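S.K.: Handing over entry_12.txt, compact mmCIF, C-alpha atoms.
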```txt
# COMPACT_ATOMS: atom_id res chain seq x y z
CA MET A 23 49.30 40.56 -33.23
CA ALA A 24 47.28 43.33 -31.63
CA SER A 25 44.16 41.27 -32.13
CA GLU A 26 45.78 38.29 -30.41
CA GLN A 27 46.79 40.47 -27.44
CA GLU A 28 43.27 41.88 -27.26
CA THR A 29 41.97 38.31 -27.04
CA LEU A 30 44.44 37.50 -24.25
CA ASN A 31 43.39 40.63 -22.36
CA ARG A 32 39.77 39.57 -22.54
CA TRP A 33 40.62 36.06 -21.35
CA ARG A 34 42.50 37.60 -18.45
CA LEU A 35 39.33 39.51 -17.49
CA VAL A 36 37.30 36.30 -17.69
CA LEU A 37 39.76 34.30 -15.58
CA GLY A 38 40.37 37.13 -13.11
CA SER A 39 43.42 38.16 -11.13
CA PHE A 40 44.15 34.53 -10.19
CA SER A 41 45.60 34.13 -13.67
CA LYS A 42 48.02 37.07 -13.45
CA ASN A 43 51.06 34.78 -13.17
CA HIS A 44 50.11 33.11 -16.45
CA ILE A 45 48.54 35.86 -18.56
CA ALA A 46 49.74 39.46 -18.45
CA PHE A 47 47.84 42.46 -19.74
CA SER A 48 49.45 44.12 -22.72
CA GLY A 49 52.26 46.48 -21.64
CA THR A 50 52.56 45.26 -18.02
CA ALA A 51 55.35 42.70 -18.33
CA GLY A 52 58.54 43.41 -16.38
CA GLY A 53 57.46 46.84 -15.19
CA GLU A 54 59.93 48.48 -17.56
CA THR A 55 59.65 52.07 -18.73
CA PRO A 56 57.81 51.95 -22.04
CA GLU A 57 59.74 52.95 -25.13
CA GLU A 58 58.72 55.96 -27.16
CA GLY A 59 55.53 55.14 -29.09
CA ALA A 60 54.43 52.47 -26.58
CA GLN A 61 52.46 54.86 -24.31
CA GLU A 62 49.18 53.90 -25.95
CA GLU A 63 49.84 50.23 -25.19
CA MET A 64 50.58 51.08 -21.56
CA ASP A 65 47.40 53.15 -21.28
CA GLN A 66 45.46 50.20 -22.66
CA SER A 67 46.95 47.84 -20.07
CA ILE A 68 46.06 50.26 -17.25
CA HIS A 69 42.53 50.42 -18.65
CA TYR A 70 42.24 46.63 -18.38
CA MET A 71 43.74 46.62 -14.89
CA GLU A 72 41.04 49.06 -13.78
CA MET A 73 38.37 46.86 -15.37
CA GLU A 74 39.77 43.83 -13.54
CA GLU A 75 39.78 45.71 -10.23
CA ALA A 76 36.12 46.68 -10.73
CA LEU A 77 35.16 43.11 -11.61
CA ASP A 78 37.10 41.70 -8.66
CA TYR A 79 35.44 44.13 -6.26
CA LEU A 80 32.11 42.50 -7.11
CA TYR A 81 32.79 38.94 -8.16
CA LEU A 82 35.46 37.96 -5.62
CA ARG A 83 32.50 37.94 -3.22
CA GLU A 84 31.69 34.61 -4.81
CA TYR A 85 34.60 33.13 -2.82
CA GLY A 86 33.41 34.28 0.58
CA GLU A 87 34.09 36.99 3.13
CA GLU A 88 37.88 36.56 3.25
CA GLN A 89 38.21 37.12 -0.49
CA GLU A 90 35.77 40.05 -0.29
CA ILE A 91 37.93 41.79 2.32
CA ARG A 92 41.04 41.10 0.28
CA SER A 93 39.40 42.60 -2.80
CA ARG A 94 38.54 45.76 -0.86
CA ASP A 95 42.15 46.12 0.30
CA ARG A 96 43.66 45.70 -3.16
CA LYS A 97 45.18 48.76 -4.73
CA GLY A 98 44.32 49.96 -8.20
CA GLY A 99 46.76 50.62 -10.98
CA GLN A 100 49.47 53.20 -10.30
CA GLY A 101 48.84 53.31 -6.56
CA LYS A 102 45.19 54.37 -6.54
CA SER A 103 43.27 53.87 -3.29
CA ALA A 104 41.01 50.86 -2.74
CA LEU A 105 37.51 51.01 -4.19
CA THR A 106 34.48 51.98 -2.18
CA VAL A 107 30.89 51.38 -3.33
CA PRO A 108 30.41 54.93 -4.69
CA ARG A 109 33.78 54.82 -6.48
CA TRP A 110 32.95 51.35 -7.81
CA ILE A 111 29.68 52.65 -9.30
CA GLU A 112 31.53 55.56 -10.87
CA ARG A 113 34.26 53.24 -12.18
CA ILE A 114 32.01 50.68 -13.87
CA ARG A 115 29.94 53.39 -15.56
CA LYS A 116 33.14 54.79 -16.99
CA LEU A 117 34.65 51.47 -18.08
CA PHE A 118 31.76 49.32 -19.27
CA PRO A 119 28.81 49.66 -21.69
CA LYS A 120 25.46 50.63 -20.20
CA GLN A 121 23.95 47.13 -20.56
CA THR A 122 26.95 45.59 -18.76
CA VAL A 123 26.67 48.16 -15.96
CA GLU A 124 23.00 47.31 -15.45
CA VAL A 125 23.85 43.59 -15.21
CA MET A 126 26.61 44.26 -12.68
CA GLU A 127 24.37 46.51 -10.58
CA ARG A 128 21.67 43.84 -10.58
CA HIS A 129 24.18 41.15 -9.55
CA ALA A 130 25.46 43.40 -6.76
CA LEU A 131 21.98 43.82 -5.34
CA GLU A 132 20.38 40.45 -5.97
CA LYS A 133 23.29 38.01 -5.85
CA TYR A 134 25.75 39.60 -3.44
CA ASP A 135 23.33 41.59 -1.25
CA MET A 136 25.24 44.86 -1.56
CA THR A 137 22.34 46.73 -0.01
CA GLU A 138 24.59 49.73 0.60
CA LEU A 139 23.75 50.53 -3.02
CA LEU A 140 20.37 51.60 -1.73
CA THR A 141 21.29 53.02 1.67
CA ASP A 142 24.02 55.46 0.65
CA PRO A 143 22.80 58.75 -0.90
CA GLU A 144 26.01 59.16 -2.89
CA VAL A 145 25.55 55.73 -4.43
CA MET A 146 21.85 56.27 -5.13
CA ARG A 147 22.64 59.42 -7.12
CA LYS A 148 24.99 57.46 -9.37
CA LEU A 149 22.63 54.59 -10.19
CA GLU A 150 20.99 54.57 -13.61
CA PRO A 151 17.18 54.90 -13.32
CA ASN A 152 15.62 51.93 -15.09
CA LYS A 153 12.96 49.33 -14.50
CA ASP A 154 15.35 46.87 -12.83
CA LEU A 155 16.42 49.54 -10.34
CA LEU A 156 12.75 50.41 -9.76
CA LYS A 157 12.01 46.77 -8.93
CA THR A 158 14.93 46.66 -6.52
CA ILE A 159 13.81 49.88 -4.81
CA LEU A 160 10.29 48.51 -4.38
CA THR A 161 11.75 45.36 -2.85
CA LEU A 162 14.14 47.13 -0.46
CA LYS A 163 12.40 50.46 0.23
CA HIS A 164 11.68 49.37 3.81
CA MET A 165 15.44 49.76 4.42
CA MET A 166 15.54 53.37 3.21
CA LYS A 167 15.25 56.49 5.28
CA GLY A 168 15.70 60.23 4.95
CA GLU A 169 17.62 61.47 1.93
CA VAL A 170 18.00 58.00 0.40
CA LEU A 171 14.24 57.46 0.50
CA GLU A 172 13.65 60.82 -1.18
CA LEU A 173 16.19 59.98 -3.88
CA ALA A 174 14.48 56.61 -4.34
CA ARG A 175 11.14 58.35 -4.87
CA GLN A 176 12.77 60.46 -7.58
CA VAL A 177 13.94 57.29 -9.32
CA VAL A 178 10.46 55.77 -9.04
CA LYS A 179 8.94 58.93 -10.51
CA LYS A 180 11.39 59.07 -13.40
CA VAL A 181 10.86 55.43 -14.38
CA ALA A 182 7.06 55.62 -13.89
CA ASP A 183 6.88 58.79 -16.00
CA GLU A 184 8.88 57.08 -18.76
CA LEU A 185 6.55 54.06 -18.72
CA THR A 186 3.54 56.39 -18.80
CA ARG A 187 4.91 58.23 -21.84
CA LYS A 188 5.42 54.94 -23.64
CA LEU A 189 1.92 53.63 -22.88
CA GLU A 190 -0.31 56.71 -22.72
CA GLN A 191 -0.49 57.33 -26.47
CA ASP A 192 -1.55 53.73 -27.14
CA VAL A 193 -4.18 53.88 -24.41
CA ARG A 194 -5.68 57.15 -25.66
CA ARG A 195 -5.73 55.83 -29.22
CA ALA A 196 -7.63 52.76 -28.04
CA PHE A 197 -10.28 54.98 -26.39
CA PHE A 198 -10.74 57.53 -29.21
CA GLY A 199 -14.29 57.77 -30.51
CA ARG A 200 -15.50 58.54 -34.04
CA ILE A 201 -15.07 62.00 -35.55
CA ASP A 202 -17.65 64.55 -34.37
CA ARG A 203 -18.48 66.86 -37.28
CA THR A 204 -20.78 69.07 -35.18
CA SER A 205 -18.06 70.77 -33.12
CA SER A 206 -14.57 72.10 -33.62
CA SER A 207 -11.39 71.00 -31.97
CA PRO A 208 -8.17 72.83 -31.07
CA VAL A 209 -6.25 69.67 -31.96
CA ARG A 210 -4.68 70.31 -35.36
CA SER A 211 -4.68 66.98 -37.17
CA ILE A 212 -5.08 66.47 -40.91
CA ARG A 213 -7.43 63.59 -40.11
CA ASN A 214 -9.81 66.04 -38.42
CA LEU A 215 -9.61 68.84 -41.04
CA ASP A 216 -13.06 70.41 -41.68
CA ILE A 217 -12.63 71.53 -45.30
CA LYS A 218 -16.17 72.88 -45.84
CA LYS A 219 -16.16 75.06 -42.75
CA THR A 220 -12.64 76.30 -43.49
CA ILE A 221 -13.59 77.41 -47.01
CA LYS A 222 -16.93 78.92 -45.98
CA ASN A 223 -15.50 81.03 -43.14
CA ASN A 224 -12.58 82.24 -45.21
CA LEU A 225 -14.50 83.29 -48.35
CA LYS A 226 -14.45 86.88 -47.07
CA ASN A 227 -10.66 86.73 -47.40
CA TYR A 228 -10.75 86.03 -51.16
CA ASP A 229 -7.90 87.79 -53.00
CA THR A 230 -9.24 88.91 -56.40
CA GLU A 231 -5.80 89.65 -57.81
CA GLN A 232 -4.30 86.30 -56.86
CA GLN A 233 -7.67 84.57 -57.36
CA GLN A 234 -7.27 82.50 -54.23
CA ILE A 235 -8.66 82.28 -50.72
CA ILE A 236 -6.38 83.47 -47.93
CA LEU A 237 -6.79 81.07 -45.02
CA LYS A 238 -6.69 83.11 -41.84
CA GLN A 239 -8.43 80.40 -39.81
CA VAL A 240 -8.35 76.62 -40.33
CA TYR A 241 -11.04 74.52 -38.65
CA PHE A 242 -10.83 70.97 -37.38
CA ASN A 243 -13.53 68.49 -36.33
CA ALA A 244 -13.59 67.40 -32.70
CA ARG A 245 -13.90 63.77 -31.72
CA VAL A 246 -16.94 62.43 -29.94
CA LYS A 247 -16.32 62.20 -26.21
CA LYS A 248 -18.22 59.39 -24.57
CA TYR A 249 -18.93 60.27 -20.97
CA ASN A 250 -21.19 57.31 -20.16
CA LYS A 251 -18.76 56.28 -17.45
CA TRP A 252 -17.69 52.76 -16.75
CA ARG A 253 -16.17 51.83 -13.42
CA VAL A 254 -12.91 49.93 -13.84
CA ILE A 255 -11.71 48.16 -10.71
CA ILE A 256 -8.10 46.97 -10.95
CA CYS A 257 -7.32 44.41 -8.26
CA VAL A 258 -3.62 43.56 -8.09
CA ASP A 259 -1.82 40.70 -6.36
CA GLU A 260 1.31 42.24 -4.79
CA SER A 261 3.18 38.97 -4.18
CA GLY A 262 6.85 39.12 -5.19
CA SER A 263 6.37 37.04 -8.34
CA MET A 264 3.90 39.62 -9.68
CA LEU A 265 6.21 42.63 -9.38
CA ASP A 266 6.34 43.45 -13.11
CA SER A 267 2.56 43.25 -13.27
CA VAL A 268 2.19 45.45 -10.17
CA ILE A 269 4.32 48.16 -11.78
CA HIS A 270 2.37 48.15 -15.03
CA SER A 271 -0.96 47.96 -13.22
CA ALA A 272 -0.11 51.10 -11.24
CA VAL A 273 0.94 52.94 -14.41
CA MET A 274 -2.15 51.82 -16.35
CA ALA A 275 -4.44 52.82 -13.48
CA GLY A 276 -2.85 56.28 -13.51
CA ILE A 277 -3.48 56.60 -17.25
CA PHE A 278 -7.07 55.34 -16.95
CA ALA A 279 -7.72 57.85 -14.17
CA LYS A 280 -7.16 60.69 -16.67
CA LEU A 281 -9.81 59.39 -19.08
CA PRO A 282 -13.23 61.06 -18.63
CA MET A 283 -15.19 57.95 -19.59
CA LEU A 284 -13.70 55.85 -16.77
CA ASP A 285 -14.09 55.86 -13.00
CA THR A 286 -10.96 53.97 -11.94
CA LYS A 287 -10.42 52.15 -8.65
CA LEU A 288 -7.16 50.48 -7.64
CA VAL A 289 -6.86 47.79 -4.97
CA ILE A 290 -3.75 45.82 -4.01
CA PHE A 291 -3.67 42.75 -1.81
CA ASP A 292 -1.72 39.92 -0.23
CA THR A 293 -3.53 38.43 2.78
CA GLN A 294 -4.77 41.97 3.50
CA VAL A 295 -6.52 44.38 1.15
CA VAL A 296 -5.47 47.99 0.61
CA ASP A 297 -7.60 50.41 -1.40
CA LEU A 298 -5.32 52.88 -3.21
CA SER A 299 -8.07 54.55 -5.24
CA GLY A 300 -7.25 57.86 -3.56
CA TYR A 301 -3.78 57.72 -5.13
CA VAL A 302 -4.79 56.22 -8.46
CA ASP A 303 -3.67 59.29 -10.42
CA ASP A 304 -0.22 59.18 -8.77
CA PRO A 305 1.74 56.02 -9.72
CA VAL A 306 4.62 57.04 -7.44
CA GLU A 307 2.44 57.03 -4.32
CA THR A 308 0.86 53.79 -5.48
CA LEU A 309 4.17 52.03 -6.05
CA MET A 310 5.71 53.29 -2.82
CA SER A 311 2.67 51.93 -0.93
CA ILE A 312 3.03 48.31 -1.99
CA GLN A 313 4.40 45.70 0.42
CA LEU A 314 5.82 42.83 -1.61
CA GLY A 315 5.71 39.29 -0.32
CA GLY A 316 3.51 37.63 2.26
CA GLY A 317 0.61 35.33 1.54
CA THR A 318 -2.19 35.63 -0.99
CA ASN A 319 -5.94 35.76 -0.31
CA ILE A 320 -7.63 36.36 -3.65
CA ALA A 321 -11.10 35.60 -2.27
CA ARG A 322 -10.83 38.36 0.33
CA ALA A 323 -9.66 40.85 -2.32
CA LEU A 324 -12.48 39.95 -4.73
CA GLY A 325 -14.96 40.19 -1.86
CA TYR A 326 -13.81 43.73 -1.14
CA CYS A 327 -13.90 44.72 -4.82
CA GLU A 328 -17.39 43.29 -5.17
CA LYS A 329 -18.55 45.96 -2.70
CA LEU A 330 -17.21 48.66 -5.07
CA VAL A 331 -19.63 47.57 -7.81
CA GLU A 332 -22.52 50.04 -8.07
CA TYR A 333 -23.80 49.48 -11.62
CA PRO A 334 -22.81 45.94 -12.62
CA HIS A 335 -23.57 46.34 -16.33
CA ARG A 336 -21.12 49.27 -16.46
CA THR A 337 -18.41 47.70 -14.32
CA LEU A 338 -15.23 45.99 -15.43
CA MET A 339 -13.22 44.21 -12.75
CA VAL A 340 -9.62 43.37 -13.65
CA LEU A 341 -7.92 40.82 -11.39
CA VAL A 342 -4.14 40.78 -11.92
CA SER A 343 -2.88 37.63 -10.23
CA ASP A 344 -1.06 34.34 -10.81
CA LEU A 345 -4.14 32.71 -9.18
CA TYR A 346 -2.14 30.74 -6.62
CA GLU A 347 -4.70 31.16 -3.85
CA GLY A 348 -3.44 30.98 -0.28
CA GLY A 349 -6.98 30.92 1.05
CA ASP A 350 -9.92 28.79 -0.03
CA TYR A 351 -10.34 28.15 -3.75
CA LYS A 352 -14.05 27.41 -3.41
CA THR A 353 -14.64 30.79 -1.82
CA MET A 354 -12.68 32.47 -4.61
CA TYR A 355 -14.75 30.67 -7.24
CA GLY A 356 -18.00 31.52 -5.46
CA ILE A 357 -17.28 35.26 -5.29
CA SER A 358 -16.08 35.27 -8.92
CA LYS A 359 -19.29 33.58 -10.02
CA GLY A 360 -21.36 36.16 -8.13
CA ILE A 361 -19.52 39.02 -9.85
CA ILE A 362 -20.06 37.54 -13.30
CA GLU A 363 -23.72 36.70 -12.69
CA SER A 364 -24.36 40.24 -11.50
CA GLY A 365 -23.63 41.47 -15.02
CA ALA A 366 -20.18 42.88 -14.30
CA LYS A 367 -17.35 41.79 -16.55
CA LEU A 368 -14.48 39.95 -14.89
CA VAL A 369 -11.07 39.94 -16.56
CA VAL A 370 -8.29 37.82 -15.05
CA LEU A 371 -4.80 38.80 -16.16
CA THR A 372 -2.14 36.26 -15.23
CA ALA A 373 0.54 38.73 -16.37
CA LEU A 374 0.53 42.41 -17.31
CA ASP A 375 3.86 43.67 -18.60
CA MET A 376 5.71 44.27 -21.84
CA GLU A 377 6.55 40.57 -22.28
CA ALA A 378 3.33 39.12 -20.79
CA ASN A 379 5.02 35.86 -19.82
CA PRO A 380 2.55 34.16 -17.45
CA ASP A 381 3.31 31.76 -14.59
CA TYR A 382 -0.02 30.86 -13.04
CA ASP A 383 -2.35 28.22 -11.64
CA LYS A 384 -3.73 26.74 -14.86
CA ARG A 385 -6.47 24.78 -13.13
CA ALA A 386 -7.86 27.88 -11.41
CA ALA A 387 -7.65 29.79 -14.70
CA ALA A 388 -9.63 27.07 -16.46
CA VAL A 389 -12.36 27.11 -13.80
CA LEU A 390 -12.74 30.90 -13.99
CA ALA A 391 -12.79 30.83 -17.80
CA GLU A 392 -15.52 28.19 -17.70
CA MET A 393 -17.59 30.55 -15.52
CA GLY A 394 -17.34 33.29 -18.14
CA ALA A 395 -14.32 35.30 -17.02
CA HIS A 396 -11.93 36.53 -19.69
CA VAL A 397 -8.62 34.92 -18.70
CA GLY A 398 -5.24 35.55 -20.26
CA ALA A 399 -1.91 37.34 -20.18
CA MET A 400 -1.73 40.75 -21.85
CA THR A 401 0.68 43.53 -22.58
CA PRO A 402 -0.58 46.95 -21.42
CA GLU A 403 -1.32 47.89 -25.06
CA GLN A 404 -3.43 44.75 -25.53
CA MET A 405 -5.31 45.52 -22.32
CA ALA A 406 -6.07 49.07 -23.49
CA ASN A 407 -7.27 47.84 -26.89
CA TRP A 408 -9.45 45.15 -25.28
CA ILE A 409 -11.08 47.53 -22.80
CA GLY A 410 -11.44 50.27 -25.43
CA GLY A 411 -13.22 47.86 -27.76
CA LEU A 412 -15.48 46.68 -24.97
CA LEU A 413 -16.56 50.18 -23.93
```
Please lay out the structure from this file as structure tokens.
M.R.:
Amino acid sequence: MASEQETLNRWRLVLGSFSKNHIAFSGTAGGETPEEGAQEEMDQSIHYMEMEEALDYLYLREYGEEQEIRSRDRKGGQGKSALTVPRWIERIRKLFPKQTVEVMERHALEKYDMTELLTDPEVMRKLEPNKDLLKTILTLKHMMKGEVLELARQVVKKVADELTRKLEQDVRRAFFGRIDRTSSSPVRSIRNLDIKKTIKNNLKNYDTEQQQIILKQVYFNARVKKYNKWRVIICVDESGSMLDSVIHSAVMAGIFAKLPMLDTKLVIFDTQVVDLSGYVDDPVETLMSIQLGGGTNIARALGYCEKLVEYPHRTLMVLVSDLYEGGDYKTMYGISKGIIESGAKLVVLTALDMEANPDYDKRAAAVLAEMGAHVGAMTPEQMANWIGGLL
């Protein structure tokens, strides 16, 4: 019977408060004082009433402004005051699983335009930092000022740092050279253990009674560091459809900037071109500098990046774009051909994120591939492995 009531409670949540005259939450019928032993049932019904209030606060907006106002004026269970946005955030995080909360927050921002989520400092503090929130901040940061903007930067930093931690190890592994047996390393790894040197330098510590060598110092081989620098120019389309790729491009550029064998440049563009190379080691500054939307002029961006090429045979240009050119395709093809013929390597990534699901101009991709560009969608790990193998 309890299972049946649980099912009815869930149906009531699905159907909303409009069904209250037909389906009652467990323990709410008649408003009578619960008998001894029924307190748990009453607590459960109040729990569901609070869930319904939180759902109504958001989803009654589907029925227009009049219903939205009515939902704000409704009282919670046991005479609680009407919800406000900060209290709503607090309520849903208490009542629902984390994944459900993230979905509701996304619906609030994207579907119901509750931009107060990003203009109220109290609300911003309660939001869960994650990639979806980062994307929303980047889309709406022009609306933020003062304390809210500073809190938004903290969210951007936290999410960017988390992405960096996830990707940095894979990138560094892709760029590791062979073992260098001519020098020692402070990195203590069994793979790098220098057995001969360890034994030789510890022979003086031989214990005659125990008949064994006492190891007071263990030596490890260093790895070869290749400092024959390549210039990597990452040119990123900042149109709204490329937001996931923009985020990962900024993070990857920051990781590349730390590698001694690379000289990393970062350029973003729409119809205008912005060189962010001065901030390449700071993904937060990079991400907060982007202006999503607007047109797309790939030819102009490639023309600018072409000027950054100093030694073509040690230059890798990475164009991250869906290739929907707002300018002239012939000009884009001409500049691309010039880059390739100069000896520089041109990589065109139609998507750069964890899923690498591309949506791009297939005809333009085919033309560039025919010229000799490497065209495809990659995850950041695949990009690191590809570049590491190339260099």
S.K.: List the neighbours of Gln176 of chain A out to 12 Å using only C-alpha atoms; skip same-chain residues closer than 3 positions along the sequence, and give me the result as a PDB file with C-alpha atoms, in the coordinates of the input.
M.R.:
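The resulting file, around37.pdb, is shown below:
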```pdb
ATOM      1  CA  MET A 146      21.850  56.270  -5.130  1.00  0.00           C
ATOM      2  CA  ARG A 147      22.640  59.420  -7.120  1.00  0.00           C
ATOM      3  CA  LEU A 149      22.630  54.590 -10.190  1.00  0.00           C
ATOM      4  CA  GLU A 150      20.990  54.570 -13.610  1.00  0.00           C
ATOM      5  CA  PRO A 151      17.180  54.900 -13.320  1.00  0.00           C
ATOM      6  CA  ASN A 152      15.620  51.930 -15.090  1.00  0.00           C
ATOM      7  CA  LEU A 155      16.420  49.540 -10.340  1.00  0.00           C
ATOM      8  CA  LEU A 156      12.750  50.410  -9.760  1.00  0.00           C
ATOM      9  CA  ILE A 159      13.810  49.880  -4.810  1.00  0.00           C
ATOM     10  CA  GLU A 169      17.620  61.470   1.930  1.00  0.00           C
ATOM     11  CA  VAL A 170      18.000  58.000   0.400  1.00  0.00           C
ATOM     12  CA  LEU A 171      14.240  57.460   0.500  1.00  0.00           C
ATOM     13  CA  GLU A 172      13.650  60.820  -1.180  1.00  0.00           C
ATOM     14  CA  LEU A 173      16.190  59.980  -3.880  1.00  0.00           C
ATOM     15  CA  LYS A 179       8.940  58.930 -10.510  1.00  0.00           C
ATOM     16  CA  LYS A 180      11.390  59.070 -13.400  1.00  0.00           C
ATOM     17  CA  VAL A 181      10.860  55.430 -14.380  1.00  0.00           C
ATOM     18  CA  ALA A 182       7.060  55.620 -13.890  1.00  0.00           C
ATOM     19  CA  ASP A 183       6.880  58.790 -16.000  1.00  0.00           C
ATOM     20  CA  VAL A 306       4.620  57.040  -7.440  1.00  0.00           C
ATOM     21  CA  GLU A 307       2.440  57.030  -4.320  1.00  0.00           C
ATOM     22  CA  MET A 310       5.710  53.290  -2.820  1.00  0.00           C
TER      23      MET A 310
END
```
S.K.: Could you state the separation of atom CA of Phe197 of chain A and atom CA of Gly411 of chain A in Å, given to one decimal place?
M.R.: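 Atom CA of Gly411 of chain A lies at a distance of 7.8 Å from atom CA of Phe197 of chain A.
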S.K.: What is the distance, in Å and to one decimal place, between atom CA of Leu82 of chain A and atom CA of Arg115 of chain A?
M.R.: 19.2 Å
S.K.: Work out how far apart atom CA of Asp266 of chain A and atom CA of Arg336 of chain A are and give it in Å to one decimal.
M.R.: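 Distance between the two atoms: 28.3 Å.
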S.K.: Would you mind telling me which residue in A:His335, A:Arg194, A:Lys120, A:Lys384 lies nearest to Ile361 of chain A when using only C-alpha atoms?
M.R.: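 Using only C-alpha atoms, the shortest distance to Ile361 of chain A belongs to A:His335.
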S.K.: Would you please work out which residue, of A:Glu184, A:Cys257, A:Ile269, A:Gln313, is nearest to Leu288 of chain A when using only C-alpha atoms?
M.R.: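 Using only C-alpha atoms, the shortest distance to Leu288 of chain A belongs to A:Cys257.
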S.K.: For Ala275 of chain A, list every protein, DNA or RNA residue within 12 Å, evaluated using only C-alpha atoms, and leave out those in the same chain fewer than 2 positions away; present the list as a ChimeraX atom specification.
M.R.: /A:182,186,189-190,193,253-258,267-273,277-281,284-290,298-306,308-309,340,402,405-406
S.K.: Extract, using all atoms listed in the file, all DNA, RNA and protein residues at most 10 Å from segment 328-330 of chain A, discarding same-chain residues fewer than 2 positions from it, and format them as a PyMOL selection string.
M.R.: chain A and resi 253-255+287+322-326+332-334+337+339+357-358+360-361+364+366
S.K.: Write out as a PDB file with C-alpha atoms, in the coordinates of the input which residues come within 9 Å of Met165 of chain A when counting only C-alpha atoms, dropping same-chain ones fewer than 6 positions away.
M.R.:
```pdb
ATOM      1  CA  THR A 137      22.340  46.730  -0.010  1.00  0.00           C
ATOM      2  CA  LEU A 140      20.370  51.600  -1.730  1.00  0.00           C
ATOM      3  CA  THR A 141      21.290  53.020   1.670  1.00  0.00           C
ATOM      4  CA  LEU A 171      14.240  57.460   0.500  1.00  0.00           C
TER       5      LEU A 171
END
```
S.K.: Identify which of the residues A:Lys359, A:Glu144, A:Leu412, A:Asp259 lies closest to Leu374 of chain A, counting all atoms listed in the file when measuring atom-to-atom distances.
M.R.: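 Closest residue, counting all atoms listed in the file: A:Asp259.
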